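Below is data_11.txt, holding compact mmCIF, C-alpha atoms.
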# COMPACT_ATOMS: atom_id res chain seq x y z
CA MET Z 299 78.87 42.38 110.77
CA GLU Z 300 78.65 45.87 109.31
CA ILE Z 301 75.67 48.23 108.97
CA ILE Z 302 75.76 50.40 105.84
CA PHE Z 303 73.15 53.09 105.28
CA SER Z 304 71.86 52.94 101.72
CA LYS Z 305 72.05 56.74 101.33
CA ASN Z 306 75.84 56.30 101.33
CA LEU Z 307 75.71 53.88 98.38
CA SER Z 308 75.42 54.49 94.67
CA LYS Z 309 72.18 53.57 92.91
CA LYS Z 310 73.92 50.64 91.25
CA GLN Z 311 75.39 49.32 94.51
CA HIS Z 312 71.97 49.50 96.18
CA GLU Z 313 70.36 47.52 93.35
CA ASP Z 314 73.24 45.02 93.18
CA TYR Z 315 72.89 44.32 96.90
CA LEU Z 316 69.13 43.74 96.51
CA GLU Z 317 69.73 41.28 93.67
CA GLU Z 318 72.22 39.38 95.81
CA ILE Z 319 69.87 39.25 98.83
CA GLY Z 320 66.94 38.22 96.60
CA ASN Z 321 63.21 38.02 97.33
CA TYR Z 322 63.02 41.81 97.47
CA GLN Z 323 59.98 43.93 96.62
CA ILE Z 324 59.69 47.02 94.44
CA TYR Z 325 59.37 49.00 97.68
CA HIS Z 326 62.97 48.10 98.55
CA THR Z 327 64.35 49.60 95.33
CA GLU Z 328 66.29 52.82 95.26
CA LYS Z 329 63.79 54.48 92.91
CA LEU Z 330 60.79 53.87 95.20
CA LEU Z 331 62.61 54.91 98.36
CA ASN Z 332 63.79 58.13 96.78
CA TYR Z 333 60.27 58.77 95.51
CA TYR Z 334 59.05 58.80 99.13
CA PHE Z 335 61.97 60.96 100.23
CA HIS Z 336 61.08 63.53 97.55
CA ILE Z 337 57.42 63.70 98.58
CA THR Z 338 57.98 64.97 102.11
CA GLU Z 339 60.64 65.55 104.75
CA ILE Z 340 61.84 62.13 105.91
CA HIS Z 341 65.14 61.21 107.54
CA ASP Z 342 66.50 58.24 105.59
CA LYS Z 343 67.65 55.46 107.92
CA SER Z 344 67.46 52.59 105.41
CA PHE Z 345 70.31 50.16 105.92
CA PHE Z 346 71.99 47.01 104.67
CA ILE Z 347 73.72 44.45 106.88
CA ILE Z 348 76.97 43.21 105.36
CA GLU Z 349 79.10 40.31 106.53
CA LYS Z 350 82.35 39.30 104.84
CA ASP Z 351 81.46 41.55 101.87
CA LYS Z 352 78.14 39.73 101.42
CA PRO Z 353 74.82 41.63 101.86
CA LEU Z 354 72.60 39.64 104.20
CA ALA Z 355 69.67 41.97 104.90
CA PHE Z 356 68.02 45.25 104.00
CA ALA Z 357 65.57 47.42 105.92
CA PRO Z 358 63.85 50.38 104.21
CA LEU Z 359 63.46 52.84 107.05
CA GLY Z 360 62.52 56.47 107.48
CA ILE Z 361 61.96 58.75 110.45
CA THR Z 362 59.05 61.15 110.13
CA LYS Z 363 58.80 64.10 112.52
CA GLU Z 364 55.46 65.81 112.91
CA ASP Z 365 54.81 68.46 115.54
CA ASN Z 366 56.31 67.06 118.73
CA SER Z 367 56.30 63.38 117.79
CA SER Z 368 58.36 61.02 115.61
CA SER Z 369 57.65 57.68 113.97
CA LEU Z 370 59.43 55.10 111.87
CA SER Z 371 57.53 55.57 108.61
CA PHE Z 372 57.57 57.32 105.26
CA SER Z 373 55.15 60.02 106.44
CA THR Z 374 51.65 58.86 105.44
CA VAL Z 375 53.13 55.67 103.91
CA ALA Z 376 54.40 52.69 105.90
CA CYS Z 377 57.90 51.29 105.43
CA HIS Z 378 58.07 47.89 103.81
CA THR Z 379 59.08 44.99 106.03
CA PRO Z 380 62.80 44.15 105.77
CA ILE Z 381 64.31 41.26 103.82
CA ILE Z 382 67.11 38.82 104.54
CA SER Z 383 69.19 36.67 102.21
CA HIS Z 384 67.10 34.06 100.40
CA ASP Z 385 69.78 31.38 100.67
CA MET Z 386 70.03 31.28 104.47
CA THR Z 387 68.92 28.15 106.29
CA SER Z 388 65.66 28.40 108.24
CA GLN Z 389 67.54 28.34 111.56
CA ASN Z 390 69.83 31.16 110.51
CA LYS Z 391 66.86 33.16 109.20
CA ARG Z 392 65.19 33.03 112.60
CA LYS Z 393 68.34 34.24 114.35
CA PHE Z 394 68.99 36.94 111.78
CA TYR Z 395 65.44 38.31 111.79
CA LYS Z 396 65.74 38.80 115.55
CA LYS Z 397 69.01 40.71 115.10
CA LEU Z 398 67.55 42.78 112.26
CA TYR Z 399 64.44 43.83 114.18
CA SER Z 400 66.53 44.59 117.28
CA ILE Z 401 68.50 47.12 115.20
CA ILE Z 402 65.24 48.67 113.92
CA TYR Z 403 63.89 48.83 117.48
CA LYS Z 404 67.09 50.49 118.69
CA ILE Z 405 66.95 53.12 115.92
CA GLY Z 406 63.36 53.94 116.79
CA ASP Z 407 64.15 54.08 120.51
CA GLU Z 408 67.21 56.30 120.03
CA HIS Z 409 65.18 58.79 117.97
CA LYS Z 410 62.36 58.76 120.54
CA CYS Z 411 59.83 57.40 118.03
CA GLU Z 412 56.35 56.79 119.39
CA SER Z 413 55.49 54.12 116.81
CA PHE Z 414 56.52 52.36 113.64
CA GLU Z 415 54.48 51.32 110.61
CA PHE Z 416 55.40 48.54 108.18
CA PHE Z 417 53.59 46.70 105.41
CA PHE Z 418 54.15 43.53 103.40
CA HIS Z 419 53.47 43.29 99.65
CA PRO Z 420 53.38 39.81 98.03
CA ILE Z 421 55.22 40.52 94.74
CA ARG Z 422 58.87 39.52 95.09
CA PHE Z 423 61.86 39.46 92.76
CA LEU Z 424 64.41 36.69 92.61
CA GLU Z 425 66.97 36.01 89.89
CA GLY Z 426 65.37 38.43 87.45
CA GLN Z 427 61.81 37.17 87.77
CA CYS Z 428 58.83 38.11 89.90
CA LYS Z 429 56.56 35.84 91.89
CA ILE Z 430 53.80 36.00 94.47
CA ASP Z 431 55.13 34.75 97.78
CA TYR Z 432 53.89 35.16 101.38
CA LYS Z 433 56.70 33.34 103.18
CA GLU Z 434 57.84 35.21 106.30
CA SER Z 435 55.12 37.81 105.67
CA MET Z 436 54.00 37.77 109.33
CA LYS Z 437 57.42 37.24 110.88
CA ILE Z 438 57.24 40.62 112.58
CA LEU Z 439 54.56 39.22 114.94
CA SER Z 440 57.26 37.13 116.63
CA TYR Z 441 58.90 40.19 118.12
CA PHE Z 442 56.29 42.86 118.84
CA ASN Z 443 52.90 43.20 120.47
CA ILE Z 444 51.62 44.73 117.27
CA SER Z 445 48.35 45.70 115.58
CA TYR Z 446 47.80 44.55 112.01
CA VAL Z 447 45.19 44.67 109.27
CA ALA Z 448 44.90 43.15 105.79
CA ILE Z 449 43.70 45.09 102.75
CA ASN Z 450 43.17 43.46 99.36
CA THR Z 451 45.00 44.61 96.27
CA ASN Z 452 43.95 43.65 92.73
CA ILE Z 453 46.70 41.94 90.72
CA ILE Z 454 46.21 40.80 87.13
CA ASP Z 455 47.97 37.69 85.86
CA LEU Z 456 49.34 38.69 82.46
CA ASN Z 457 50.07 35.06 81.57
CA LEU Z 458 46.39 34.81 80.68
CA SER Z 459 45.43 35.08 77.02
CA HIS Z 460 44.15 38.39 75.63
CA GLN Z 461 40.70 36.85 75.38
CA ASP Z 462 40.68 35.73 79.01
CA LEU Z 463 41.95 39.11 80.19
CA PHE Z 464 39.13 40.84 78.33
CA MET Z 465 36.46 38.38 79.47
CA ASN Z 466 37.50 38.89 83.10
CA ILE Z 467 36.44 42.52 82.84
CA ARG Z 468 33.02 43.43 84.21
CA LYS Z 469 30.33 42.80 81.56
CA ALA Z 470 29.16 46.42 81.35
CA MET Z 471 32.72 47.61 80.87
CA ARG Z 472 33.38 45.06 78.12
CA LYS Z 473 30.36 46.42 76.29
CA GLU Z 474 31.63 49.98 76.78
CA LEU Z 475 35.15 49.23 75.50
CA ARG Z 476 33.75 47.55 72.37
CA SER Z 477 32.09 50.82 71.36
CA LYS Z 478 33.20 52.36 68.04
CA LYS Z 479 33.85 55.70 69.73
CA TYR Z 480 37.10 54.38 71.18
CA GLU Z 481 38.46 54.17 67.64
CA GLU Z 482 38.56 57.97 67.83
CA LEU Z 483 41.33 57.73 70.44
CA GLU Z 484 45.04 57.05 70.26
CA PHE Z 485 46.92 55.30 73.06
CA PHE Z 486 50.70 55.45 73.41
CA LYS Z 487 53.58 55.11 75.85
CA ILE Z 488 56.00 57.89 76.75
CA ASN Z 489 59.50 57.08 78.00
CA SER Z 490 63.14 57.19 76.95
CA GLN Z 491 62.75 54.26 74.54
CA ASN Z 492 60.53 56.17 72.12
CA ARG Z 493 60.80 59.88 72.92
CA THR Z 494 63.52 62.50 73.24
CA LYS Z 495 64.10 64.20 76.58
CA ASP Z 496 62.42 67.37 75.39
CA GLN Z 497 59.36 65.43 74.21
CA ILE Z 498 59.15 63.52 77.49
CA LYS Z 499 59.36 66.77 79.43
CA ASP Z 500 56.61 68.38 77.35
CA TYR Z 501 54.25 65.44 77.81
CA PHE Z 502 55.08 65.15 81.50
CA ASN Z 503 54.44 68.83 82.14
CA LEU Z 504 51.04 68.46 80.49
CA TYR Z 505 50.28 65.46 82.72
CA ARG Z 506 51.41 67.49 85.75
CA ASN Z 507 49.26 70.44 84.72
CA TYR Z 508 46.20 68.20 84.37
CA HIS Z 509 46.73 67.16 88.01
CA PHE Z 510 46.87 70.81 89.04
CA ILE Z 511 43.66 71.62 87.14
CA SER Z 512 41.87 68.54 88.47
CA ALA Z 513 42.82 69.16 92.12
CA LYS Z 514 42.69 72.97 91.83
CA LYS Z 515 46.00 73.06 93.67
CA GLN Z 516 49.52 71.66 93.55
CA THR Z 517 49.24 68.07 94.71
CA ARG Z 518 52.88 67.45 95.68
CA LYS Z 519 56.24 69.18 96.09
CA ASP Z 520 58.11 70.39 93.01
CA SER Z 521 60.99 68.06 93.90
CA SER Z 522 58.74 64.99 93.72
CA TRP Z 523 57.50 65.96 90.23
CA GLU Z 524 61.08 66.52 89.11
CA TYR Z 525 62.07 63.12 90.47
CA MET Z 526 59.18 61.41 88.66
CA LEU Z 527 60.36 63.04 85.44
CA SER Z 528 63.92 61.82 86.02
CA LEU Z 529 62.61 58.24 86.34
CA LEU Z 530 61.03 58.55 82.91
CA PHE Z 531 64.35 59.76 81.49
CA GLU Z 532 66.00 56.64 82.98
CA ASN Z 533 63.28 54.25 81.71
CA LYS Z 534 62.46 53.22 85.28
CA CYS Z 535 58.81 54.24 84.88
CA ASP Z 536 56.30 54.63 82.06
CA LEU Z 537 53.82 57.38 81.26
CA PHE Z 538 50.82 56.42 79.11
CA ALA Z 539 48.55 58.86 77.32
CA ILE Z 540 45.30 58.99 75.37
CA ARG Z 541 44.56 61.69 72.86
CA ARG Z 542 41.84 62.23 70.33
CA LEU Z 543 42.96 61.52 66.77
CA GLU Z 544 40.90 64.32 65.25
CA ASP Z 545 42.37 67.28 67.11
CA LYS Z 546 45.32 65.65 68.98
CA LYS Z 547 43.82 66.79 72.27
CA PHE Z 548 45.10 64.88 75.30
CA LEU Z 549 42.37 63.35 77.43
CA SER Z 550 44.07 61.09 79.99
CA PHE Z 551 47.44 60.09 81.49
CA LEU Z 552 48.57 57.13 83.61
CA TYR Z 553 51.98 56.96 85.33
CA CYS Z 554 53.28 53.48 86.23
CA PHE Z 555 56.15 52.18 88.30
CA LYS Z 556 57.83 49.01 87.04
CA GLU Z 557 60.44 46.51 88.16
CA LYS Z 558 61.56 43.48 86.13
CA ASN Z 559 58.31 42.09 84.64
CA PHE Z 560 55.94 43.68 87.17
CA ALA Z 561 54.15 47.02 86.82
CA THR Z 562 51.76 48.96 89.01
CA GLY Z 563 49.52 51.92 88.27
CA ALA Z 564 50.68 54.85 90.41
CA SER Z 565 48.98 58.07 89.28
CA GLN Z 566 46.15 58.71 86.82
CA VAL Z 567 44.46 61.93 85.72
CA ASN Z 568 41.84 62.93 83.14
CA ILE Z 569 40.96 66.13 81.37
CA THR Z 570 38.25 67.99 83.30
CA ASN Z 571 36.11 68.78 80.25
CA SER Z 572 32.65 67.43 81.11
CA GLN Z 573 31.78 66.51 77.51
CA ASP Z 574 34.85 64.29 77.16
CA LEU Z 575 34.25 62.71 80.57
CA LYS Z 576 30.65 61.98 79.62
CA ARG Z 577 31.52 60.53 76.21
CA TYR Z 578 34.41 58.27 77.21
CA SER Z 579 35.20 56.07 80.20
CA LEU Z 580 38.74 57.43 80.22
CA ARG Z 581 40.12 55.80 83.37
CA SER Z 582 38.91 52.37 82.30
CA PHE Z 583 40.12 52.72 78.73
CA ILE Z 584 43.65 53.92 79.53
CA GLU Z 585 44.12 51.27 82.24
CA TYR Z 586 42.90 48.46 80.00
CA LYS Z 587 45.18 49.60 77.15
CA THR Z 588 48.05 49.74 79.67
CA ILE Z 589 47.30 46.17 80.76
CA GLU Z 590 47.36 45.13 77.09
CA TYR Z 591 50.68 46.93 76.62
CA TYR Z 592 52.36 45.12 79.50
CA LYS Z 593 50.86 41.82 78.37
CA ASN Z 594 52.33 42.36 74.88
CA ASN Z 595 55.72 43.17 76.40
CA ASN Z 596 55.98 39.95 78.41
CA PHE Z 597 55.28 41.36 81.85
CA LYS Z 598 54.00 38.82 84.35
CA PHE Z 599 51.80 40.87 86.68
CA TYR Z 600 50.04 44.22 86.66
CA GLU Z 601 48.71 45.68 89.89
CA VAL Z 602 45.57 47.77 89.47
CA GLY Z 603 45.55 48.75 93.14
CA GLN Z 604 43.89 48.34 96.51
CA THR Z 605 40.17 48.19 97.25
CA TYR Z 606 38.90 49.60 100.54
CA TYR Z 607 35.55 48.59 101.99
CA TYR Z 608 35.82 49.58 105.64
CA ASP Z 609 38.09 51.57 107.89
CA LYS Z 610 40.13 49.17 110.00
CA ASP Z 611 41.83 49.93 113.27
CA PHE Z 612 44.67 52.34 112.38
CA LYS Z 613 43.91 52.33 108.61
CA SER Z 614 41.19 54.71 107.44
CA PHE Z 615 40.36 56.03 103.98
CA THR Z 616 38.49 58.93 102.44
CA GLU Z 617 35.22 58.35 100.60
CA LYS Z 618 37.02 59.36 97.40
CA HIS Z 619 39.63 56.63 97.82
CA LYS Z 620 36.93 54.08 98.61
CA ARG Z 621 35.09 54.99 95.38
CA ILE Z 622 38.29 54.78 93.34
CA GLY Z 623 39.12 51.45 94.99
CA LEU Z 624 35.79 49.98 93.95
CA THR Z 625 36.41 50.93 90.29
CA LYS Z 626 39.53 48.76 90.36
CA LEU Z 627 37.32 45.67 90.69
CA GLN Z 628 36.03 46.00 87.13
CA PHE Z 629 39.28 44.68 85.62
CA GLY Z 630 38.84 41.24 87.15
CA GLY Z 631 42.16 40.92 88.92
CA ASP Z 632 42.71 38.43 91.73
CA PHE Z 633 42.62 39.59 95.35
CA TYR Z 634 45.89 39.38 97.31
CA PRO Z 635 46.14 40.78 100.83
CA ILE Z 636 48.66 43.42 101.78
CA PHE Z 637 49.44 43.29 105.50
CA TYR Z 638 49.87 46.51 107.48
CA PHE Z 639 51.53 46.56 110.91
CA LYS Z 640 51.66 49.27 113.57
CA PHE Z 641 53.65 49.11 116.79
CA ASN Z 642 53.51 51.56 119.70
CA PHE Z 643 56.84 51.76 121.52
CA LYS Z 644 54.90 51.84 124.81
CA ASN Z 645 53.75 48.30 124.07
CA ASP Z 646 55.68 45.15 124.83
CA SER Z 647 58.29 43.60 122.56
CA ILE Z 648 61.04 41.07 123.10
CA PHE Z 649 63.48 44.00 122.92
CA SER Z 650 61.88 45.87 125.83
CA LYS Z 651 63.99 46.01 128.97
CA ASN Z 652 61.20 44.56 131.08
CA HIS Z 653 60.25 41.75 128.67
CA LYS Z 654 60.13 38.24 130.08
CA PHE Z 655 60.45 35.30 127.70
CA ILE Z 656 57.80 32.59 127.77
CA VAL Z 657 60.53 29.98 127.98
CA GLU Z 658 64.28 30.40 128.15
CA ASN Z 659 65.83 30.94 124.70
CA ASP Z 660 62.42 30.79 123.03
CA PHE Z 661 63.91 32.43 119.98

What does the file become when written as structure tokens?
Amino acid sequence: MEIIFSKNLSKKQHEDYLEEIGNYQIYHTEKLLNYYFHITEIHDKSFFIIEKDKPLAFAPLGITKEDNSSSLSFSTVACHTPIISHDMTSQNKRKFYKKLYSIIYKIGDEHKCESFEFFFHPIRFLEGQCKIDYKESMKILSYFNISYVAINTNIIDLNLSHQDLFMNIRKAMRKELRSKKYEELEFFKINSQNRTKDQIKDYFNLYRNYHFISAKKQTRKDSSWEYMLSLLFENKCDLFAIRRLEDKKFLSFLYCFKEKNFATGASQVNITNSQDLKRYSLRSFIEYKTIEYYKNNNFKFYEVGQTYYYDKDFKSFTEKHKRIGLTKLQFGGDFYPIFYFKFNFKNDSIFSKNHKFIVENDF
């Protein structure tokens, strides 16, 4: 058995290994991991387990150091739970999960981490298609005395007809989107399939500048913006825009990550002009047009995003994020829980030196 850190692999080799393992999530992909690594200072410890040239497992893993403490995480974002080969027998899966989590525990212990944070997302990819699957989603509970919470995310089934998708929208919003004023606006996609590199860069810089104006400050490191732009060049993400037909003035942008036939809204911003904000429901319009776009291009699911009602244990949210989360309900997606896990290395686990098994060989 060989451990290979993904940072030592090419992009293609990383993606090829994921395809062979199967049942991976978008958060295991090279593009998403590097997105996190460009946002803040994280030590990349993501690794594959290889046996006889066959990839058997992958763990997306980062070490975040803040002040005098360290954690296994991607800074403010949890690491996704690891995956193992989809074609293993159930007995072998149980044995291999134990080995995999023992390696993760050892990495955290060696780097004197105080805690780790993981999450599980239900969209998985296998043999070129995506599906919703919760198998093994709580497997981590077998090994650690761990805290966990569930937070709903809104996922839209794009197999529905256009009529059903529209009728699932909140009644008041349907009435709003039927208004003639939206005929004044133009919606279009920006990526390498329909724009030159110079055009993409110009549009992206405008989108970036709108974020700066809206927040009244730079919202992320220059390197993360540059990486997001590179993903557009490579057609690994999409940028959508709305502009007014009359004067070609841009009013709204939405940046989406995508993998296979799944897409998720990642970053949205509007013009700050109060008259435009009062006249149009820009966030709702651009997201609905984006949903239509992915429906027309044979995508299977679109994730609008998470909705937060209450702070829970180790997961808390700002009032702003709670308000934004509630607006995601208007699109009528189905609720699917995302599970978040947090482990304190002071707590018990089966890998602790002083752990006593309930029965001999209970794993």

For segment 417-439 of chain Z against segment 638-655 of chain Z, with a cut-off of 10 Å and counting all atoms listed in the file, what is the closest atom pair and its distance in Å to one decimal for every residue that makes the cut, ordered by chain and number, as JSON lines?
{"residue": "Z:Phe417", "atom": "CA", "partner": "Z:Tyr638", "partner_atom": "CA", "distance": 4.3}
{"residue": "Z:Phe418", "atom": "CA", "partner": "Z:Tyr638", "partner_atom": "CA", "distance": 6.6}
{"residue": "Z:His419", "atom": "CA", "partner": "Z:Tyr638", "partner_atom": "CA", "distance": 9.2}
{"residue": "Z:Met436", "atom": "CA", "partner": "Z:Phe639", "partner_atom": "CA", "distance": 9.3}
{"residue": "Z:Ile438", "atom": "CA", "partner": "Z:Phe639", "partner_atom": "CA", "distance": 8.4}
{"residue": "Z:Leu439", "atom": "CA", "partner": "Z:Phe639", "partner_atom": "CA", "distance": 8.9}

Considering only C-alpha atoms, give me a table of residues in segment 316-434 of chain Z that are at most 12 Å from segment 601-620 of chain Z, with the closest atom pair and distance in Å for each, as a Markdown table.
| residue | atom | partner | partner_atom | distance |
| --- | --- | --- | --- | --- |
| Z:Ile324 | CA | Z:Glu601 | CA | 12.0 |
| Z:Thr374 | CA | Z:Lys613 | CA | 10.6 |
| Z:Val375 | CA | Z:Lys613 | CA | 10.9 |
| Z:Ala376 | CA | Z:Lys613 | CA | 10.8 |
| Z:Ser413 | CA | Z:Phe612 | CA | 11.8 |
| Z:Phe414 | CA | Z:Phe612 | CA | 11.9 |
| Z:Glu415 | CA | Z:Phe612 | CA | 10.0 |
| Z:Phe417 | CA | Z:Lys613 | CA | 11.6 |
| Z:His419 | CA | Z:Glu601 | CA | 11.1 |
| Z:Pro420 | CA | Z:Glu601 | CA | 11.1 |
| Z:Ile421 | CA | Z:Glu601 | CA | 9.6 |
| Z:Ile430 | CA | Z:Glu601 | CA | 11.9 |

Could the residues in this selection be written to a file with C-alpha atoms, as a PDB file, in the frame of the given file?
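The new file again-v6.pdb reads:
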ATOM      1  CA  ILE Z 324      59.690  47.020  94.440  1.00  0.00           C
ATOM      2  CA  THR Z 374      51.650  58.860 105.440  1.00  0.00           C
ATOM      3  CA  VAL Z 375      53.130  55.670 103.910  1.00  0.00           C
ATOM      4  CA  ALA Z 376      54.400  52.690 105.900  1.00  0.00           C
ATOM      5  CA  SER Z 413      55.490  54.120 116.810  1.00  0.00           C
ATOM      6  CA  PHE Z 414      56.520  52.360 113.640  1.00  0.00           C
ATOM      7  CA  GLU Z 415      54.480  51.320 110.610  1.00  0.00           C
ATOM      8  CA  PHE Z 417      53.590  46.700 105.410  1.00  0.00           C
ATOM      9  CA  HIS Z 419      53.470  43.290  99.650  1.00  0.00           C
ATOM     10  CA  PRO Z 420      53.380  39.810  98.030  1.00  0.00           C
ATOM     11  CA  ILE Z 421      55.220  40.520  94.740  1.00  0.00           C
ATOM     12  CA  ILE Z 430      53.800  36.000  94.470  1.00  0.00           C
TER      13      ILE Z 430
END

Polymer residues at most 10 Å from Ile319 of chain Z, only C-alpha atoms, same-chain spacing of 2 or more positions, as a VMD selection string: chain Z and resid 313 to 317 321 to 322 346 352 to 356 381 to 386 424 to 425

Output file for the residues above (C-alpha atoms, as a PDB file, in the frame of the given file):
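Below is the file that was written, selection.pdb:
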ATOM      1  CA  GLU Z 313      70.360  47.520  93.350  1.00  0.00           C
ATOM      2  CA  ASP Z 314      73.240  45.020  93.180  1.00  0.00           C
ATOM      3  CA  TYR Z 315      72.890  44.320  96.900  1.00  0.00           C
ATOM      4  CA  LEU Z 316      69.130  43.740  96.510  1.00  0.00           C
ATOM      5  CA  GLU Z 317      69.730  41.280  93.670  1.00  0.00           C
ATOM      6  CA  ASN Z 321      63.210  38.020  97.330  1.00  0.00           C
ATOM      7  CA  TYR Z 322      63.020  41.810  97.470  1.00  0.00           C
ATOM      8  CA  PHE Z 346      71.990  47.010 104.670  1.00  0.00           C
ATOM      9  CA  LYS Z 352      78.140  39.730 101.420  1.00  0.00           C
ATOM     10  CA  PRO Z 353      74.820  41.630 101.860  1.00  0.00           C
ATOM     11  CA  LEU Z 354      72.600  39.640 104.200  1.00  0.00           C
ATOM     12  CA  ALA Z 355      69.670  41.970 104.900  1.00  0.00           C
ATOM     13  CA  PHE Z 356      68.020  45.250 104.000  1.00  0.00           C
ATOM     14  CA  ILE Z 381      64.310  41.260 103.820  1.00  0.00           C
ATOM     15  CA  ILE Z 382      67.110  38.820 104.540  1.00  0.00           C
ATOM     16  CA  SER Z 383      69.190  36.670 102.210  1.00  0.00           C
ATOM     17  CA  HIS Z 384      67.100  34.060 100.400  1.00  0.00           C
ATOM     18  CA  ASP Z 385      69.780  31.380 100.670  1.00  0.00           C
ATOM     19  CA  MET Z 386      70.030  31.280 104.470  1.00  0.00           C
ATOM     20  CA  LEU Z 424      64.410  36.690  92.610  1.00  0.00           C
ATOM     21  CA  GLU Z 425      66.970  36.010  89.890  1.00  0.00           C
TER      22      GLU Z 425
END

Closest to Cys535 of chain Z among Z:Ser490, Z:Ser459, Z:Gln566, Z:Asn366, using only C-alpha atoms? Z:Ser490

May I have the residues at most 12 Å from (65.2, 53.7, 94.7) in the file's coordinates, counting all atoms listed in the file, as number ranges by chain? Z: 304-305, 307-314, 316, 323-336, 342, 344, 358, 525-526, 528-529, 534-535, 555-557

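Among the candidates Z:Phe502, Z:His509, Z:Tyr600, Z:Ile361, the one nearest to Asp407 of chain Z when counting only C-alpha atoms is Z:Ile361.
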
Which one is closest to Glu474 of chain Z: Z:Ile589, Z:Tyr578, Z:Leu359, Z:Asp351? Count all atoms listed in the file. Z:Tyr578

Which of Z:Glu585, Z:Glu300, Z:Asp574, Z:Asp431 sits closest to Leu537 of chain Z [using all atoms listed in the file]: Z:Glu585

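Between atom CA of Asn450 of chain Z and atom CA of Lys396 of chain Z there is a distance of 28.2 Å.
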